[in-house]
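Student: Please find one structure pasted underneath; my questions will follow.
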Amino acid sequence: MGDIGVIHMGLLTIIRRMALREKLPIREIARRTGLSRNTIRKYLKAGTIKPKFSVPERPISVET
């Protein structure tokens, strides 16, 4: 699956809830969120997305 870009996890949750629970059409979700219909389709097609966290680089500890 390709990278869908940066999306706020809260917004993805709202879009999925509107589509899956409330059974709203993509056009209505796009109207309510201000996103394009193509963007809504892309987010719904992507399924669940695992959040990516940046891990700071840590020095390697050496045991003696």
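Just so we're on the same page: first chain in the structure tokens is A, next is B, and so on; residues restart at 1 for each chain, and ligands are numbered from 1 in the order they show up.
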At a cut-off of 8 Å, using only C-alpha atoms, what residues contact A:Ile15? Leave out same-chain residues fewer than 2 positions from it and give the result as a list in words.
Tutor: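 The residues satisfying every condition are Leu11, Leu12, Thr13, Arg17, Met18, Ala19, Ile29, Ile40 and Leu44 of chain A.
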Student: Please write the residues from the selection above to a file, keeping N, CA and C atoms, as a JSON list (two decimals), in the first residue's frame.
Tutor:
```json
[["chain", "number", "residue", "atom", "x", "y", "z"],
["A", 11, "LEU", "N", -8.80, 12.77, 12.49],
["A", 11, "LEU", "CA", -9.57, 12.99, 11.27],
["A", 11, "LEU", "C", -9.86, 11.68, 10.57],
["A", 12, "LEU", "N", -8.89, 10.78, 10.54],
["A", 12, "LEU", "CA", -9.11, 9.47, 9.92],
["A", 12, "LEU", "C", -10.22, 8.72, 10.67],
["A", 13, "THR", "N", -10.21, 8.81, 11.99],
["A", 13, "THR", "CA", -11.24, 8.16, 12.79],
["A", 13, "THR", "C", -12.62, 8.73, 12.48],
["A", 17, "ARG", "N", -15.71, 6.67, 10.83],
["A", 17, "ARG", "CA", -16.98, 6.57, 11.57],
["A", 17, "ARG", "C", -18.14, 7.04, 10.70],
["A", 18, "MET", "N", -17.96, 8.16, 10.00],
["A", 18, "MET", "CA", -19.03, 8.67, 9.13],
["A", 18, "MET", "C", -19.38, 7.65, 8.05],
["A", 19, "ALA", "N", -18.36, 7.02, 7.47],
["A", 19, "ALA", "CA", -18.59, 6.08, 6.38],
["A", 19, "ALA", "C", -19.14, 4.74, 6.87],
["A", 29, "ILE", "N", -19.51, 13.26, 3.37],
["A", 29, "ILE", "CA", -18.31, 13.30, 4.22],
["A", 29, "ILE", "C", -17.38, 14.41, 3.73],
["A", 40, "ILE", "N", -11.12, 11.51, 0.43],
["A", 40, "ILE", "CA", -11.93, 10.65, 1.30],
["A", 40, "ILE", "C", -11.83, 9.20, 0.83],
["A", 44, "LEU", "N", -10.29, 6.02, 2.98],
["A", 44, "LEU", "CA", -11.10, 4.83, 3.28],
["A", 44, "LEU", "C", -10.49, 3.58, 2.67]]
```
